[in-house]
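Trainee: The structure's right below; bear with me while I get my questions together.
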Amino acid sequence: MFRFLSTALDEFLKVWFQIECPICHGAATLTGLCTSCQPISSLLGPICDRCGTSLICALDVCGDCAELKNRSLDKARSALWLTNEAKALIHIVKFQKRYEWLEVFKSQLVASQFEFIKEDFAITSVPMHPKKFMTRGFNQSEILVDWIIKKRPMKPCFGLKKVAETIPQSLLDRSKRKSNLQDSFNWDKKYQMPKNIILVDDIYTTGETLNACAKVLKKNGAEIVYAWTLFRTMHRR
Ligand SMILES: [Zn+2]
Ligand SMILES: [Zn+2]
């Protein structure tokens, strides 16, 4: 355990005191990124009341949400657009297991102002399958929840589980994303289901993962389920 902590500390120090931007390998500033990889754009302007994507004009919902019926997820909001730079950094976080780089986005995430964030809501991350967790060593969405509840006290809830291994959603096209997740999440009945829940994930693409979680939560007694993600992809697939 001590050895793990000491390695993690070494890694952290290396990251924050190196001078190379991890994305483009140019010279980094104090934030750890270079000036051109720095801009991280937030979602501004009119948004769809349901899924939170930006709209060209002030409609209530976007075309996708107008078509989609029977969605379990009530609303979703995201802090930032997944720009190419952010995507490259998230790739480093997940696949080089450099979770310390998530810190670059921390202040924007916890500063997100969404009307649905209420302190009487319970909060949970989208769970990872235990095998995947063992391989990666962390669940980035759990890290996001930890940051949020330090800034905005909300009750964490633990009963949502990923019970089936699935193909990463990012490798599938839209038509296969829903069936891939069929019965892959479950609620552990030893936990009491909160009435209202905020689900946290790193990236919103088509919302299928969040919706699959919301479906399980509602089936087991939740009334309102909202999603709060760090990023939203700029193009849906
Ligand atoms: Zn750079
Ligand atoms: Zn929408």
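As shown in the structure tokens, the chain order sets the letters A, B, ...; within each chain, residues go from 1, and ligands are also counted from 1 in the order they appear.
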Please produce, as a tab-separated table, a per-residue contact table for stretch 101-220 of chain A versus stretch 26-49 of chain A (criterion: any atom at most 10 Å away, only C-alpha atoms considered), showing the nearest atom pair and its distance in Å to one decimal, sorted by chain then residue number.
Mentor:
residue	atom	partner	partner_atom	distance
A:Trp101	CA	A:Gly32	CA	8.6
A:Glu103	CA	A:Thr31	CA	9.6
A:Val104	CA	A:Thr31	CA	7.2
A:Phe105	CA	A:Ile40	CA	8.5
A:Gln108	CA	A:Ser42	CA	8.3
A:Leu109	CA	A:Ser42	CA	9.9
A:Ser112	CA	A:Ser42	CA	9.3
Trainee: Can you write just those residues out, N, CA and C atoms, as a compact mmCIF listing (two decimals), in the first residue's frame?
Mentor:
# COMPACT_ATOMS: atom_id res chain seq x y z
N TRP A 101 -4.11 13.54 -14.43
CA TRP A 101 -4.37 14.57 -15.45
C TRP A 101 -5.82 15.04 -15.45
N GLU A 103 -7.22 16.31 -13.12
CA GLU A 103 -7.21 17.56 -12.31
C GLU A 103 -7.34 18.82 -13.17
N VAL A 104 -6.87 18.73 -14.43
CA VAL A 104 -6.92 19.89 -15.32
C VAL A 104 -8.37 20.39 -15.47
N PHE A 105 -9.33 19.47 -15.33
CA PHE A 105 -10.73 19.83 -15.57
C PHE A 105 -11.53 20.05 -14.29
N GLN A 108 -13.50 23.45 -13.58
CA GLN A 108 -14.68 23.67 -14.44
C GLN A 108 -15.82 22.73 -14.08
N LEU A 109 -15.49 21.52 -13.67
CA LEU A 109 -16.55 20.59 -13.32
C LEU A 109 -17.28 21.05 -12.06
N SER A 112 -19.66 23.99 -12.39
CA SER A 112 -20.84 23.90 -13.27
C SER A 112 -22.09 24.31 -12.51
Trainee: Which of stretch 28-225 of chain A end up as strand (DSSP E or B) when DSSP is run on this backbone - answer as a PyMOL selection string?
Mentor: chain A and resi 42+47+54+75-82+122-125+155-156+160-162+185-187+196-204+224-225
Trainee: Using only C-alpha atoms, determine which residues lie at most 9 Å from A:Pro156, disregarding the query and same-chain residues fewer than 6 positions distant; provide the list as a ChimeraX atom specification.
Mentor: /A:121-125,145,149
Trainee: Output C-alpha atoms for every residue in that selection, as a JSON list (two decimals), in the first residue's frame.
Mentor:
[["chain", "number", "residue", "atom", "x", "y", "z"],
["A", 121, "PHE", "CA", -30.25, 14.54, -4.22],
["A", 122, "ALA", "CA", -28.11, 11.44, -3.86],
["A", 123, "ILE", "CA", -25.13, 11.14, -6.18],
["A", 124, "THR", "CA", -23.44, 8.18, -7.83],
["A", 125, "SER", "CA", -20.94, 7.53, -10.59],
["A", 145, "VAL", "CA", -18.06, 12.33, -7.68],
["A", 149, "ILE", "CA", -19.28, 16.13, -2.97]]
Trainee: Could you find all residues in stretch 58-185 of chain A that DSSP calls alpha helix (DSSP H) from the backbone, and write them as a PyMOL selection string?
Mentor: chain A and resi 63-67+84-95+106-110+130-136+140-151+174-180
Trainee: So that I have them on file, write out the residues from the current selection with C-alpha atoms, as an mmCIF file, in the first residue's frame.
Mentor:
data_model
loop_
_atom_site.group_PDB
_atom_site.id
_atom_site.type_symbol
_atom_site.label_atom_id
_atom_site.label_comp_id
_atom_site.auth_asym_id
_atom_site.auth_seq_id
_atom_site.Cartn_x
_atom_site.Cartn_y
_atom_site.Cartn_z
ATOM 1 C CA GLY A 63 -34.449 16.894 -32.649
ATOM 2 C CA ASP A 64 -33.074 13.708 -31.076
ATOM 3 C CA CYS A 65 -34.946 14.220 -27.814
ATOM 4 C CA ALA A 66 -38.156 15.105 -29.650
ATOM 5 C CA GLU A 67 -37.973 11.704 -31.369
ATOM 6 C CA ASN A 84 -9.765 17.280 -29.606
ATOM 7 C CA GLU A 85 -7.324 18.411 -26.917
ATOM 8 C CA ALA A 86 -9.622 17.248 -24.108
ATOM 9 C CA LYS A 87 -10.152 13.955 -25.941
ATOM 10 C CA ALA A 88 -6.403 13.413 -26.202
ATOM 11 C CA LEU A 89 -5.980 14.100 -22.510
ATOM 12 C CA ILE A 90 -8.825 11.770 -21.503
ATOM 13 C CA HIS A 91 -7.186 9.093 -23.629
ATOM 14 C CA ILE A 92 -3.991 9.547 -21.629
ATOM 15 C CA VAL A 93 -6.007 9.381 -18.382
ATOM 16 C CA LYS A 94 -7.767 6.160 -19.315
ATOM 17 C CA PHE A 95 -5.289 4.212 -21.369
ATOM 18 C CA LYS A 106 -11.582 19.859 -11.872
ATOM 19 C CA SER A 107 -12.366 23.538 -11.400
ATOM 20 C CA GLN A 108 -14.681 23.665 -14.437
ATOM 21 C CA LEU A 109 -16.554 20.587 -13.316
ATOM 22 C CA VAL A 110 -17.210 21.659 -9.749
ATOM 23 C CA PRO A 130 -15.123 -5.105 -11.339
ATOM 24 C CA LYS A 131 -12.775 -6.763 -13.866
ATOM 25 C CA LYS A 132 -12.329 -3.529 -15.782
ATOM 26 C CA PHE A 133 -11.807 -1.671 -12.517
ATOM 27 C CA MET A 134 -9.068 -4.130 -11.562
ATOM 28 C CA THR A 135 -7.367 -3.621 -14.928
ATOM 29 C CA ARG A 136 -7.545 0.158 -14.949
ATOM 30 C CA GLN A 140 -12.601 8.184 -13.430
ATOM 31 C CA SER A 141 -16.281 8.906 -12.755
ATOM 32 C CA GLU A 142 -15.813 8.037 -9.070
ATOM 33 C CA ILE A 143 -13.038 10.618 -8.929
ATOM 34 C CA LEU A 144 -15.470 13.194 -10.360
ATOM 35 C CA VAL A 145 -18.062 12.334 -7.682
ATOM 36 C CA ASP A 146 -15.432 12.756 -4.951
ATOM 37 C CA TRP A 147 -14.608 16.252 -6.205
ATOM 38 C CA ILE A 148 -18.260 17.234 -6.465
ATOM 39 C CA ILE A 149 -19.279 16.132 -2.974
ATOM 40 C CA LYS A 150 -16.353 17.984 -1.430
ATOM 41 C CA LYS A 151 -17.692 21.185 -2.954
ATOM 42 C CA ARG A 174 -25.273 4.256 -32.477
ATOM 43 C CA SER A 175 -27.505 1.354 -33.496
ATOM 44 C CA LYS A 176 -25.545 -1.150 -31.387
ATOM 45 C CA ARG A 177 -25.024 0.971 -28.278
ATOM 46 C CA LYS A 178 -28.358 0.186 -26.683
ATOM 47 C CA SER A 179 -28.278 -3.598 -27.116
ATOM 48 C CA ASN A 180 -24.671 -3.731 -25.929
#
Trainee: So that I can check the surroundings of A:Tyr204, please list as a PyMOL selection string every protein, DNA and RNA residue that reaches within 8 Å of it, counting only C-alpha atoms and ignoring chain neighbours fewer than 5 positions away.
Mentor: chain A and resi 78+229+231-233
Trainee: With distances taken over only C-alpha atoms, which of A:Lys75, A:Lys162, A:Lys219, A:Lys69 is nearest to A:Pro127?
Mentor: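 Among A:Lys75, A:Lys162, A:Lys219, A:Lys69, it is A:Lys162 that comes nearest to A:Pro127.
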Trainee: Atom CA of A:Gly207 and atom CA of A:Trp228 are how many Å apart?
Mentor: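 Distance reported for this atom pair: 11.0 Å.
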Trainee: Could you tell me which of A:Thr83, A:Ser72, A:Ser54, A:Gln182 comes closest to A:Leu217 if we count only C-alpha atoms?
Mentor: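 Looking only at the distances to A:Leu217, the closest residue turns out to be A:Ser72.
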Trainee: Using only C-alpha atoms and all ligand atoms, which residue out of A:Ile198, A:Leu172, A:Leu68, A:Leu160 lies closest to ligand 2?
Mentor: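 Of all the options, A:Leu68 lies closest to ligand 2.
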Trainee: So which one's closest to A:Lys190, A:Ile117, A:Ala227, A:Ala111, A:Cys157? Using only C-alpha atoms, please.
Mentor: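 Under the stated criterion, the closest residue is A:Cys157.
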Trainee: Show me, as a ChimeraX atom specification, the residues that have an atom within 10 Å of A:Lys215 when counting only C-alpha atoms, minus same-chain residues fewer than 3 positions from it.
Mentor: /A:70-73,185-186,209-212,218-220,222,225
